[in-house]
Amino acid sequence: MTAAIAYEAPAAAAAGTGLPDRVRELALRFEGTAGEYFRIWVVNLCLTLLSLGVFSAWAKVRKKRYFYSRATLDGTPFQYLGQPVPILKGRIVAVCLALLYYAASRFFTSLLPYVLALGAVLAPWVLVRSAAFNARYTAYRNMTFGFDAGYRDALRALYGWQGALALVLAVIAFATTAEAEAKQAMVYGAVALVFGLTFPWWLRRYKHFLVSRSVFGGRYGDLSATGGQFFRIYLLAGLLFALAGALVAALAGVLAGPLMPAARAEGGMLFAGLMLLAIYAVYVLAYAYMQAGTANLVWNTATLGAVRFESTLRARGLAKLYLSNALGILGSAGFLIPWAVIRTFKYRAEHLRVIAVDDLAGFRGRQEGTVRAAGAEVGEFFDLDVSL
Amino acid sequence: MSTATIPLAGRHYDGHHPLGSAATLMLGGTEAALIGTRIAQRYRLQELRVSPRIAGAARFVVLPDGGQFECADSAALDRLPQEGRSEGVVAWLEQRLAVAVAAVVVIVAAALGGYLYGIPAAAERLAPRIPMHTERVLGDQALAWLDGRGWFQRTQLDAGLQDQIRQGFGLLHSGLPLAAHYRREFRNAPELGANALALPGGAIVITDQMVGRAQSPEEVLAVLAHEIGHVELRHAMRHVLQDSAVAVAVSAVTSDAASLGVAVSGLPVVLAQARYSREFESEADAFAFRLLRRHGLSPHAFADLMERLQGPGPDHAQAYAFLSSHPVTAERVRRARAAAQ
């Protein structure tokens with residue numbers, strides 16, 4: 001809400017909306033239905049299975065096209081412009097890299113450090129291409145989005161001073177230990193320590209990179225969130241997780257006394273199952289808290305030209321959504337996945353407002369070149385998250 | 001086809017401003033006219049491209065001058081050249097209820113068939129083609145880990161007994177196709193207790209506690225024969241292949257719901273792994289019974305030892321059989337006794 005103040009001129013408040021003159025909310029709606037999406041999902045999944053995965057590129061395009069065309073902003077649907085054949089080529093590259101990683105992690109473990117190093121070198125390229133592909137093939141009112149950054153920008157955003165520090169620590173560790181196995185452990189340890197401790201600041205830089213290099217109609221995005229704000233979210237989520245974990249453990253201690261000696265096998269299994277469920281519920285709550293907090297923070301501090309956003313996700317609502325989705329999917333052997341996906345989109349759209357000053361007049365279209373799909377597909381394969 | 005002009009109401013976007021203006025596209029036989037508040041233009045139908053149909057959503061007509069016309073879906077749009085022909089076929093399939101029903105049937109059949117037969121059969125044929133030495137590293141690492149963490153300690157069996165077991169073990173595996181790869185390891189494992197395991201690459205570990213529970217050399221050989229079965233049938237490699245295949249298949253199906261985490265993608269994988277593991281145990285049992293009989297030994301020895309390890313009282317494991325990595329003991333004993341007849 002703090003960002004709203006910048007636009008508000010008290011005298012100019014328009015009647016009814018509470019928003020000042022020339023400032024207008026653009027209605028964001030997701031109008032997909034589970035029934036419609038089920039048909040698309042089931043036909044495309046079937047063709048993907050029958051073609052042993054080759055069709056998955058077409059399936060991806062169809063699903064994305066559906067989500068985009070059912071998401072409307074100010075009455076106009078978004079457009080997905082990706083094409084299946086380039087995506088298929090990209091997926092082949094991604095599968096080859098995944099097989100390389102798989103073979104190195106399972107069978108040729110001596111090669112793993114080199115494969116991981118290759119991955120670290122490729123990661124900035126994958127990031128830039130993923131973001132560029134997603135942006136380039138998303139259009140709104142006949143104007144495509146863009147992502148304007150090169151390999152070196154991504155290198156700095158992904159690794160930054162943490163990467164340099166981890167590298168220095170790793171080199172020191174490498175020089176001071178003799179044993180090969182200990183050397184490896186030290187390098188991994190140095191990387192995990194540096195990035196683990198500074199994760200919120202790393203995340204801020206990453207999100208800032210994604211937002212500030214995004215462009216629409218000649219206007220760039222901006223993100224004013226600070227690392228401290230990210231840190232608060234992760235600290236609270238961590239505390240929540242620890243507290244709930246302690247409660248579950250205490251409960252287990254109290255209940256285990258009378259239950260355990262009686263029927264060790266039967267009662268024990270049931271008991272372990274219940275504990276697992278409790279731990280899963282706690283995990284979901286902490287995860288939902290992190291998701292809601294991060295999404296709210298990013299959207300509420302992001303701007304794109306004269307457009308700003310208001311995200312009002314709640315951890316409790318998200319957790320309820322996740323749990324009911326999981327139950328529905330497990331109970332239906334997977335056939336309620338389309339239902340879960342659609343209601344998740346609906347929920348997110350309902351909790352995001354888009355507010356524009358000057359009715360988008362400041363955006364000016366320009367021609368965009370093509371972006372190859374390989375980087376984007378590699379990113380998707382390895383779960384690289386380029387969403388806000 | 002008649003040449004009647006069909007008017008389509010929609011909005012025109014010029015590609016330079018994210019602001020639309022109301023317009024009408026008049027579709028004729030060979031030409032189209034776009035008339036709106038800010039545009040009046042004629043196009044030949046061949047120059048236009050219409051975006052693929054998706055559910056009942058609005059579609060976009062791409063104009064040769066870089067503009068776009070958005071309108072509600074209509075059969076009249078099928079007159080225009082389609083953008084991305086291959087997608088048109090898929091769109092046609094998606095609209096048919098019968099296709100959706102057939103797709104559900106095919107998915108269920110493919111999932112069950114792949115899980116029960118396809119994946120195990122493919123792994124069984126593929127595994128023998130992968131050289132044993134690729135597994136060796138994994139087995140060595142596993143053993144080093146178990147040794148390093150104190151799960152395994154130096155054996156305390158006396159040398160005479162070790163020699164006796166070694167000799168019997170040598171006889172059991174001599175002549176088998178993978179005979180060159182076998183190594184036997186004795187370990188004292190006070191925490192793990194009576195156990196034997198076949199590691200990837202052909203190392204077979206038997207714990208002092210297992211030897212201690214056996215009441216005859218035959219019973220020890222029966223356990224070793226079971227572990228030889230795991231190695232000879234390439235169960236380690238097949239496990240890796242099958243588990244990976246299941247993980248890939250499950251993640252492909254649940255990719256849309258990835259945010260739901262382990263509950264959705266993890267549970268099917270765990271259940272599949274447990275099932276495959278039980279199948280391997282039964283296969284290794286059957287292999288062991290044949291091997292024992294070939295050497296003039298009785299599968300009764302296996303049954304006796306299993307019963308002793310199980311102990312008296314009801315078998316609680318039965319209720320959770322679908323989660324267990326091993327078949328129910330009573331069943332294994334019954335099969336061993338049957339094989340001994």
# chains A, B, ... in the order shown; residues from 1 in each chain; ligands from 1
call {"tool": "residues_around", "arguments": {"residues": "Val43 of chain A", "least_positions_apart": "3", "cutoff": "6 Å", "atoms": "only C-alpha atoms", "output": "ChimeraX atom specification"}}
result
/A:40,46 /B:100,103
call {"tool": "write_last_selection", "arguments": {"atoms": "all heavy atoms", "output": "PDB file, in the first residue's frame"}}
result
ATOM      1  N   ILE A  40      -8.711 -30.224 -22.713  1.00  0.00           N
ATOM      2  CA  ILE A  40      -7.423 -29.890 -23.327  1.00  0.00           C
ATOM      3  C   ILE A  40      -6.325 -30.724 -22.689  1.00  0.00           C
ATOM      4  O   ILE A  40      -5.492 -31.338 -23.364  1.00  0.00           O
ATOM      5  CB  ILE A  40      -7.142 -28.380 -23.150  1.00  0.00           C
ATOM      6  CG1 ILE A  40      -8.136 -27.595 -23.987  1.00  0.00           C
ATOM      7  CG2 ILE A  40      -5.716 -28.044 -23.522  1.00  0.00           C
ATOM      8  CD1 ILE A  40      -8.177 -26.121 -23.676  1.00  0.00           C
ATOM      9  N   CYS A  46      -2.758 -37.582 -23.337  1.00  0.00           N
ATOM     10  CA  CYS A  46      -2.893 -38.848 -24.039  1.00  0.00           C
ATOM     11  C   CYS A  46      -1.955 -38.884 -25.253  1.00  0.00           C
ATOM     12  O   CYS A  46      -1.213 -39.850 -25.447  1.00  0.00           O
ATOM     13  CB  CYS A  46      -4.345 -39.031 -24.475  1.00  0.00           C
ATOM     14  SG  CYS A  46      -4.612 -40.494 -25.468  1.00  0.00           S
TER      15      CYS A  46
ATOM     16  N   ALA B 100     -12.173 -37.091 -25.707  1.00  0.00           N
ATOM     17  CA  ALA B 100     -11.780 -36.919 -24.305  1.00  0.00           C
ATOM     18  C   ALA B 100     -11.995 -38.216 -23.523  1.00  0.00           C
ATOM     19  O   ALA B 100     -11.136 -38.631 -22.742  1.00  0.00           O
ATOM     20  CB  ALA B 100     -12.572 -35.777 -23.675  1.00  0.00           C
ATOM     21  N   ALA B 103      -9.442 -40.639 -24.516  1.00  0.00           N
ATOM     22  CA  ALA B 103      -8.141 -40.260 -23.962  1.00  0.00           C
ATOM     23  C   ALA B 103      -8.016 -40.718 -22.514  1.00  0.00           C
ATOM     24  O   ALA B 103      -6.959 -41.208 -22.095  1.00  0.00           O
ATOM     25  CB  ALA B 103      -7.957 -38.748 -24.062  1.00  0.00           C
TER      26      ALA B 103
END
call {"tool": "interface_residues", "arguments": {"of": "chain A", "to": "chain B", "cutoff": "7 Å", "atoms": "only C-alpha atoms", "output": "PDB file with N, CA, C and O atoms, in the first residue's frame"}}
result
ATOM      1  N   GLU A  36     -13.445 -27.061 -19.269  1.00  0.00           N
ATOM      2  CA  GLU A  36     -12.745 -26.739 -20.521  1.00  0.00           C
ATOM      3  C   GLU A  36     -11.315 -27.244 -20.482  1.00  0.00           C
ATOM      4  O   GLU A  36     -10.825 -27.856 -21.433  1.00  0.00           O
ATOM      5  N   ARG A  39     -10.570 -31.135 -20.814  1.00  0.00           N
ATOM      6  CA  ARG A  39     -10.543 -31.699 -22.170  1.00  0.00           C
ATOM      7  C   ARG A  39      -9.203 -31.466 -22.839  1.00  0.00           C
ATOM      8  O   ARG A  39      -8.641 -32.348 -23.472  1.00  0.00           O
ATOM      9  N   ILE A  40      -8.711 -30.224 -22.713  1.00  0.00           N
ATOM     10  CA  ILE A  40      -7.423 -29.890 -23.327  1.00  0.00           C
ATOM     11  C   ILE A  40      -6.325 -30.724 -22.689  1.00  0.00           C
ATOM     12  O   ILE A  40      -5.492 -31.338 -23.364  1.00  0.00           O
ATOM     13  N   VAL A  42      -6.496 -33.604 -20.994  1.00  0.00           N
ATOM     14  CA  VAL A  42      -6.558 -35.050 -21.152  1.00  0.00           C
ATOM     15  C   VAL A  42      -6.171 -35.450 -22.574  1.00  0.00           C
ATOM     16  O   VAL A  42      -5.443 -36.427 -22.779  1.00  0.00           O
ATOM     17  N   VAL A  43      -6.617 -34.682 -23.567  1.00  0.00           N
ATOM     18  CA  VAL A  43      -6.271 -35.018 -24.954  1.00  0.00           C
ATOM     19  C   VAL A  43      -4.771 -34.857 -25.176  1.00  0.00           C
ATOM     20  O   VAL A  43      -4.112 -35.718 -25.769  1.00  0.00           O
ATOM     21  N   CYS A  46      -2.758 -37.582 -23.337  1.00  0.00           N
ATOM     22  CA  CYS A  46      -2.893 -38.848 -24.039  1.00  0.00           C
ATOM     23  C   CYS A  46      -1.955 -38.884 -25.253  1.00  0.00           C
ATOM     24  O   CYS A  46      -1.213 -39.850 -25.447  1.00  0.00           O
ATOM     25  N   TYR A  66      -4.220 -21.793 -23.738  1.00  0.00           N
ATOM     26  CA  TYR A  66      -5.477 -21.759 -22.997  1.00  0.00           C
ATOM     27  C   TYR A  66      -5.389 -20.808 -21.802  1.00  0.00           C
ATOM     28  O   TYR A  66      -6.248 -19.948 -21.618  1.00  0.00           O
ATOM     29  N   SER A  69      -5.246 -17.198 -23.002  1.00  0.00           N
ATOM     30  CA  SER A  69      -6.431 -16.636 -23.650  1.00  0.00           C
ATOM     31  C   SER A  69      -7.608 -16.547 -22.683  1.00  0.00           C
ATOM     32  O   SER A  69      -8.589 -15.870 -22.970  1.00  0.00           O
ATOM     33  N   ARG A  70      -7.522 -17.221 -21.537  1.00  0.00           N
ATOM     34  CA  ARG A  70      -8.573 -17.096 -20.528  1.00  0.00           C
ATOM     35  C   ARG A  70      -8.223 -16.087 -19.443  1.00  0.00           C
ATOM     36  O   ARG A  70      -8.991 -15.893 -18.506  1.00  0.00           O
ATOM     37  N   PHE A 107      26.237 -42.737 -12.258  1.00  0.00           N
ATOM     38  CA  PHE A 107      27.202 -43.767 -12.673  1.00  0.00           C
ATOM     39  C   PHE A 107      28.635 -43.267 -12.751  1.00  0.00           C
ATOM     40  O   PHE A 107      29.548 -43.967 -12.379  1.00  0.00           O
ATOM     41  N   ARG A 141      -2.566  -7.022 -26.337  1.00  0.00           N
ATOM     42  CA  ARG A 141      -3.038  -6.017 -27.290  1.00  0.00           C
ATOM     43  C   ARG A 141      -2.038  -5.808 -28.408  1.00  0.00           C
ATOM     44  O   ARG A 141      -1.638  -4.683 -28.715  1.00  0.00           O
ATOM     45  N   ASN A 142      -1.602  -6.934 -28.988  1.00  0.00           N
ATOM     46  CA  ASN A 142      -0.723  -6.890 -30.152  1.00  0.00           C
ATOM     47  C   ASN A 142       0.644  -6.269 -29.864  1.00  0.00           C
ATOM     48  O   ASN A 142       1.312  -5.777 -30.755  1.00  0.00           O
ATOM     49  N   MET A 143       1.054  -6.259 -28.603  1.00  0.00           N
ATOM     50  CA  MET A 143       2.405  -5.802 -28.281  1.00  0.00           C
ATOM     51  C   MET A 143       3.064  -6.861 -27.408  1.00  0.00           C
ATOM     52  O   MET A 143       2.491  -7.295 -26.419  1.00  0.00           O
ATOM     53  N   ALA A 265       4.191 -52.806  16.163  1.00  0.00           N
ATOM     54  CA  ALA A 265       4.148 -52.806  14.704  1.00  0.00           C
ATOM     55  C   ALA A 265       2.961 -52.003  14.181  1.00  0.00           C
ATOM     56  O   ALA A 265       3.113 -51.033  13.458  1.00  0.00           O
ATOM     57  N   GLU A 266       1.766 -52.400  14.610  1.00  0.00           N
ATOM     58  CA  GLU A 266       0.556 -51.794  14.045  1.00  0.00           C
ATOM     59  C   GLU A 266       0.405 -50.344  14.472  1.00  0.00           C
ATOM     60  O   GLU A 266       0.309 -49.453  13.654  1.00  0.00           O
ATOM     61  N   TYR A 322      -3.618 -25.325  -1.375  1.00  0.00           N
ATOM     62  CA  TYR A 322      -2.643 -26.381  -1.663  1.00  0.00           C
ATOM     63  C   TYR A 322      -3.109 -27.728  -1.097  1.00  0.00           C
ATOM     64  O   TYR A 322      -3.027 -28.762  -1.755  1.00  0.00           O
ATOM     65  N   ALA A 326      -4.072 -31.025  -3.163  1.00  0.00           N
ATOM     66  CA  ALA A 326      -3.339 -32.283  -3.004  1.00  0.00           C
ATOM     67  C   ALA A 326      -4.294 -33.429  -2.706  1.00  0.00           C
ATOM     68  O   ALA A 326      -4.183 -34.515  -3.285  1.00  0.00           O
ATOM     69  N   LEU A 330      -4.814 -36.608  -5.200  1.00  0.00           N
ATOM     70  CA  LEU A 330      -4.520 -37.977  -4.744  1.00  0.00           C
ATOM     71  C   LEU A 330      -5.793 -38.822  -4.763  1.00  0.00           C
ATOM     72  O   LEU A 330      -5.774 -39.979  -5.185  1.00  0.00           O
ATOM     73  N   ILE A 337      -6.232 -32.940 -11.547  1.00  0.00           N
ATOM     74  CA  ILE A 337      -5.153 -31.962 -11.741  1.00  0.00           C
ATOM     75  C   ILE A 337      -5.657 -30.712 -12.475  1.00  0.00           C
ATOM     76  O   ILE A 337      -5.383 -29.585 -12.043  1.00  0.00           O
ATOM     77  N   VAL A 341      -5.373 -26.904 -11.053  1.00  0.00           N
ATOM     78  CA  VAL A 341      -4.625 -25.862 -11.761  1.00  0.00           C
ATOM     79  C   VAL A 341      -5.503 -24.637 -11.976  1.00  0.00           C
ATOM     80  O   VAL A 341      -5.093 -23.498 -11.708  1.00  0.00           O
ATOM     81  N   LEU A 360      -2.486   3.597 -19.901  1.00  0.00           N
ATOM     82  CA  LEU A 360      -1.519   2.887 -20.738  1.00  0.00           C
ATOM     83  C   LEU A 360      -0.997   3.707 -21.909  1.00  0.00           C
ATOM     84  O   LEU A 360      -0.354   3.173 -22.806  1.00  0.00           O
ATOM     85  N   PHE A 363       2.839   3.629 -23.159  1.00  0.00           N
ATOM     86  CA  PHE A 363       3.514   2.496 -23.787  1.00  0.00           C
ATOM     87  C   PHE A 363       3.489   2.646 -25.303  1.00  0.00           C
ATOM     88  O   PHE A 363       2.452   2.938 -25.895  1.00  0.00           O
ATOM     89  N   ARG A 364       4.627   2.424 -25.940  1.00  0.00           N
ATOM     90  CA  ARG A 364       4.729   2.508 -27.393  1.00  0.00           C
ATOM     91  C   ARG A 364       5.318   1.204 -27.936  1.00  0.00           C
ATOM     92  O   ARG A 364       6.341   0.745 -27.447  1.00  0.00           O
ATOM     93  N   GLY A 365       4.656   0.625 -28.926  1.00  0.00           N
ATOM     94  CA  GLY A 365       5.108  -0.659 -29.466  1.00  0.00           C
ATOM     95  C   GLY A 365       6.365  -0.536 -30.287  1.00  0.00           C
ATOM     96  O   GLY A 365       6.718   0.523 -30.764  1.00  0.00           O
ATOM     97  N   ARG A 366       7.085  -1.668 -30.411  1.00  0.00           N
ATOM     98  CA  ARG A 366       8.248  -1.725 -31.297  1.00  0.00           C
ATOM     99  C   ARG A 366       8.414  -3.154 -31.765  1.00  0.00           C
ATOM    100  O   ARG A 366       7.896  -4.082 -31.152  1.00  0.00           O
TER     101      ARG A 366
END
call {"tool": "select_by_dssp", "arguments": {"residues": "segment 70-268 of chain B", "states": "alpha helix (DSSP H)", "output": "VMD selection string"}}
result
chain B and resid 85 to 95 97 to 113 119 to 126 133 to 148 159 to 173 208 to 213 217 to 232 235 to 254 262 to 268
call {"tool": "atom_distance", "arguments": {"atom1": "atom CA of Glu25 of chain A", "atom2": "atom CA of Ala349 of chain A"}}
result
13.7 Å
call {"tool": "closest_residue", "arguments": {"among": "B:Leu233, B:Ile39, B:Leu241, B:Val246", "to": "Leu178 of chain B", "atoms": "only C-alpha atoms"}}
result
B:Leu233
call {"tool": "residues_around", "arguments": {"residues": "Ala286 of chain B", "least_positions_apart": "3", "cutoff": "12 Å", "atoms": "only C-alpha atoms", "output": "CSV table (one decimal) with N, CA and C atoms, in the first residue's frame"}}
result
chain,number,residue,atom,x,y,z
B,222,ALA,N,21.5,-70.6,1.8
B,222,ALA,CA,20.2,-70.2,1.2
B,222,ALA,C,20.1,-68.7,1.1
B,225,ALA,N,22.3,-67.5,-1.7
B,225,ALA,CA,21.7,-67.8,-3.0
B,225,ALA,C,20.7,-66.8,-3.4
B,226,HIS,N,19.9,-66.3,-2.4
B,226,HIS,CA,18.9,-65.2,-2.6
B,226,HIS,C,19.6,-63.9,-3.1
B,227,GLU,N,20.8,-63.6,-2.4
B,227,GLU,CA,21.5,-62.4,-2.8
B,227,GLU,C,22.1,-62.6,-4.2
B,228,ILE,N,22.6,-63.8,-4.5
B,228,ILE,CA,23.2,-64.1,-5.8
B,228,ILE,C,22.1,-63.8,-6.8
B,229,GLY,N,20.9,-64.2,-6.5
B,229,GLY,CA,19.7,-63.9,-7.4
B,229,GLY,C,19.6,-62.4,-7.7
B,230,HIS,N,19.7,-61.6,-6.7
B,230,HIS,CA,19.7,-60.1,-7.0
B,230,HIS,C,20.7,-59.7,-8.0
B,233,LEU,N,20.2,-61.3,-11.6
B,233,LEU,CA,19.1,-60.8,-12.3
B,233,LEU,C,19.2,-59.3,-12.5
B,279,GLU,N,8.6,-57.3,-6.0
B,279,GLU,CA,8.8,-58.2,-7.1
B,279,GLU,C,10.2,-58.7,-7.3
B,280,PHE,N,11.2,-57.9,-7.0
B,280,PHE,CA,12.5,-58.3,-7.1
B,280,PHE,C,12.8,-59.3,-6.0
B,281,GLU,N,12.3,-59.1,-4.8
B,281,GLU,CA,12.5,-60.1,-3.7
B,281,GLU,C,11.9,-61.5,-4.1
B,282,SER,N,10.7,-61.5,-4.7
B,282,SER,CA,10.1,-62.7,-5.1
B,282,SER,C,10.9,-63.4,-6.2
B,283,GLU,N,11.4,-62.6,-7.1
B,283,GLU,CA,12.2,-63.1,-8.2
B,283,GLU,C,13.5,-63.8,-7.7
B,289,PHE,N,15.8,-70.7,-5.0
B,289,PHE,CA,15.3,-72.0,-4.8
B,289,PHE,C,15.8,-72.9,-5.9
B,290,ARG,N,15.8,-72.4,-7.2
B,290,ARG,CA,16.4,-73.2,-8.3
B,290,ARG,C,17.8,-73.5,-8.1
B,291,LEU,N,18.6,-72.5,-7.7
B,291,LEU,CA,20.0,-72.6,-7.5
B,291,LEU,C,20.3,-73.6,-6.4
B,292,LEU,N,19.6,-73.5,-5.3
B,292,LEU,CA,19.8,-74.5,-4.2
B,292,LEU,C,19.6,-75.9,-4.7
B,293,ARG,N,18.5,-76.1,-5.4
B,293,ARG,CA,18.2,-77.5,-5.8
B,293,ARG,C,19.2,-78.0,-6.7
B,299,PRO,N,15.4,-75.9,-0.4
B,299,PRO,CA,14.8,-74.6,-0.1
B,299,PRO,C,14.1,-74.6,1.3
B,302,PHE,N,15.9,-72.2,3.6
B,302,PHE,CA,15.5,-70.8,3.5
B,302,PHE,C,14.2,-70.5,4.3
B,332,ARG,N,6.6,-65.9,1.5
B,332,ARG,CA,7.9,-66.4,1.1
B,332,ARG,C,8.2,-67.8,1.6
B,333,VAL,N,7.8,-68.0,2.8
B,333,VAL,CA,8.0,-69.4,3.5
B,333,VAL,C,7.2,-70.4,2.7
B,334,ARG,N,5.9,-70.0,2.4
B,334,ARG,CA,5.1,-71.0,1.7
B,334,ARG,C,5.7,-71.4,0.4
B,335,ARG,N,6.2,-70.4,-0.4
B,335,ARG,CA,6.7,-70.7,-1.7
B,335,ARG,C,8.0,-71.5,-1.6
B,336,ALA,N,8.8,-71.2,-0.5
B,336,ALA,CA,10.0,-72.0,-0.4
B,336,ALA,C,9.7,-73.5,-0.1
B,337,ARG,N,8.7,-73.7,0.8
B,337,ARG,CA,8.3,-75.1,1.1
B,337,ARG,C,7.7,-75.8,-0.2
B,338,ALA,N,7.0,-75.0,-1.0
B,338,ALA,CA,6.4,-75.6,-2.2
B,338,ALA,C,7.6,-75.9,-3.2
B,339,ALA,N,8.6,-75.1,-3.2
B,339,ALA,CA,9.7,-75.3,-4.2
B,339,ALA,C,10.5,-76.5,-3.7
B,340,ALA,N,10.4,-76.9,-2.4
B,340,ALA,CA,11.2,-78.0,-1.9
B,340,ALA,C,10.6,-79.3,-2.2
call {"tool": "closest_residue", "arguments": {"among": "B:Pro81, B:Gly296, B:Gly10, B:Gly212", "to": "Arg44 of chain B", "atoms": "only C-alpha atoms"}}
result
B:Pro81
call {"tool": "select_by_dssp", "arguments": {"residues": "segment 25-239 of chain B", "states": "strand (DSSP E)", "output": "PyMOL selection string"}}
result
chain B and resi 25-27+31-36+40-44+49-50+59-62+68-71+153-154+183-188+196-198+203-207
call {"tool": "atom_distance", "arguments": {"atom1": "atom CA of Val61 of chain B", "atom2": "atom CA of Ala376 of chain A"}}
result
27.0 Å
call {"tool": "residues_around", "arguments": {"residues": "Ser311 of chain A", "least_positions_apart": "4", "cutoff": "6 Å", "atoms": "only C-alpha atoms", "output": "PyMOL selection string"}}
result
chain A and resi 296+299+351-352
call {"tool": "write_last_selection", "arguments": {"atoms": "N, CA, C and O atoms", "output": "PDB file, in the first residue's frame"}}
result
ATOM      1  N   ASN A 296       3.566 -11.219  -2.634  1.00  0.00           N
ATOM      2  CA  ASN A 296       3.033  -9.915  -2.243  1.00  0.00           C
ATOM      3  C   ASN A 296       4.120  -8.846  -2.285  1.00  0.00           C
ATOM      4  O   ASN A 296       3.920  -7.754  -2.802  1.00  0.00           O
ATOM      5  N   TRP A 299       5.187  -8.117  -6.061  1.00  0.00           N
ATOM      6  CA  TRP A 299       4.174  -7.392  -6.836  1.00  0.00           C
ATOM      7  C   TRP A 299       3.922  -6.000  -6.261  1.00  0.00           C
ATOM      8  O   TRP A 299       3.759  -5.041  -7.008  1.00  0.00           O
ATOM      9  N   HIS A 351      -6.505 -12.227  -6.308  1.00  0.00           N
ATOM     10  CA  HIS A 351      -5.742 -11.502  -5.301  1.00  0.00           C
ATOM     11  C   HIS A 351      -4.679 -10.592  -5.896  1.00  0.00           C
ATOM     12  O   HIS A 351      -3.714 -10.242  -5.229  1.00  0.00           O
ATOM     13  N   LEU A 352      -4.834 -10.264  -7.164  1.00  0.00           N
ATOM     14  CA  LEU A 352      -3.897  -9.333  -7.795  1.00  0.00           C
ATOM     15  C   LEU A 352      -4.686  -8.226  -8.485  1.00  0.00           C
ATOM     16  O   LEU A 352      -5.602  -8.508  -9.259  1.00  0.00           O
TER      17      LEU A 352
END
call {"tool": "residues_around", "arguments": {"residues": "Asp359 of chain A", "least_positions_apart": "6", "cutoff": "8 Å", "atoms": "only C-alpha atoms", "output": "VMD selection string"}}
result
chain A and resid 22 to 24
call {"tool": "write_last_selection", "arguments": {"atoms": "C-alpha atoms", "output": "compact mmCIF listing (two decimals), in the first residue's frame"}}
result
# COMPACT_ATOMS: atom_id res chain seq x y z
CA ARG A 22 -6.53 9.41 -14.46
CA VAL A 23 -5.66 6.48 -12.19
CA ARG A 24 -7.75 3.47 -13.02
call {"tool": "closest_residue", "arguments": {"among": "B:Leu112, B:Ala76, B:Leu305, B:Ala189", "to": "Val205 of chain B", "atoms": "only C-alpha atoms"}}
result
B:Ala189
call {"tool": "residues_around", "arguments": {"residues": "Ala94 of chain A", "least_positions_apart": "3", "cutoff": "6 Å", "atoms": "only C-alpha atoms", "output": "ChimeraX atom specification"}}
result
/A:91,97,378
call {"tool": "residues_around", "arguments": {"residues": "Leu100 of chain A", "least_positions_apart": "3", "cutoff": "12 Å", "atoms": "only C-alpha atoms", "output": "list of chain:residue names"}}
result
A:Val93, A:Ala94, A:Val95, A:Cys96, A:Leu97, A:Ala103, A:Ala104, A:Ser105, A:Arg106, A:Phe107, A:Phe108, A:Thr109, A:Leu111, A:Leu112, A:Tyr114, A:Val115, A:Leu116, A:Leu118, A:Gly119
call {"tool": "write_last_selection", "arguments": {"atoms": "N, CA and C atoms", "output": "short mmCIF file (atom, residue, chain, number, x, y, z; two decimals), in the first residue's frame"}}
result
data_model
loop_
_atom_site.label_atom_id
_atom_site.label_comp_id
_atom_site.auth_asym_id
_atom_site.auth_seq_id
_atom_site.Cartn_x
_atom_site.Cartn_y
_atom_site.Cartn_z
N VAL A 93 17.44 -30.53 -26.59
CA VAL A 93 18.68 -30.05 -25.95
C VAL A 93 18.58 -30.26 -24.44
N ALA A 94 17.43 -29.91 -23.85
CA ALA A 94 17.25 -30.03 -22.41
C ALA A 94 17.37 -31.48 -21.96
N VAL A 95 16.78 -32.40 -22.73
CA VAL A 95 16.83 -33.82 -22.36
C VAL A 95 18.27 -34.32 -22.40
N CYS A 96 19.05 -33.89 -23.42
CA CYS A 96 20.45 -34.31 -23.52
C CYS A 96 21.23 -33.83 -22.28
N LEU A 97 21.02 -32.57 -21.89
CA LEU A 97 21.72 -32.05 -20.71
C LEU A 97 21.28 -32.79 -19.45
N ALA A 103 23.55 -39.23 -15.74
CA ALA A 103 24.62 -40.23 -15.85
C ALA A 103 25.76 -39.88 -14.90
N ALA A 104 26.09 -38.57 -14.82
CA ALA A 104 27.21 -38.16 -13.97
C ALA A 104 26.86 -38.33 -12.49
N SER A 105 25.60 -38.12 -12.13
CA SER A 105 25.26 -38.20 -10.71
C SER A 105 25.06 -39.65 -10.26
N ARG A 106 24.74 -40.55 -11.20
CA ARG A 106 24.47 -41.93 -10.80
C ARG A 106 25.64 -42.87 -11.07
N PHE A 107 26.24 -42.74 -12.26
CA PHE A 107 27.20 -43.77 -12.67
C PHE A 107 28.64 -43.27 -12.75
N PHE A 108 28.82 -42.05 -13.26
CA PHE A 108 30.19 -41.57 -13.43
C PHE A 108 30.43 -40.42 -12.47
N THR A 109 30.41 -40.76 -11.18
CA THR A 109 30.42 -39.71 -10.16
C THR A 109 31.71 -38.89 -10.18
N LEU A 111 32.91 -37.58 -12.68
CA LEU A 111 32.70 -36.48 -13.64
C LEU A 111 31.78 -35.41 -13.08
N LEU A 112 31.09 -35.72 -11.97
CA LEU A 112 30.05 -34.82 -11.48
C LEU A 112 30.52 -33.38 -11.25
N TYR A 114 32.73 -31.68 -12.79
CA TYR A 114 32.87 -30.98 -14.07
C TYR A 114 31.50 -30.65 -14.66
N VAL A 115 30.57 -31.61 -14.51
CA VAL A 115 29.22 -31.38 -15.03
C VAL A 115 28.56 -30.23 -14.26
N LEU A 116 28.75 -30.21 -12.94
CA LEU A 116 28.18 -29.12 -12.13
C LEU A 116 28.81 -27.78 -12.52
N LEU A 118 30.02 -27.03 -15.43
CA LEU A 118 29.41 -26.69 -16.73
C LEU A 118 28.03 -26.07 -16.51
N GLY A 119 27.27 -26.67 -15.58
CA GLY A 119 25.94 -26.15 -15.26
C GLY A 119 26.02 -24.73 -14.73
#
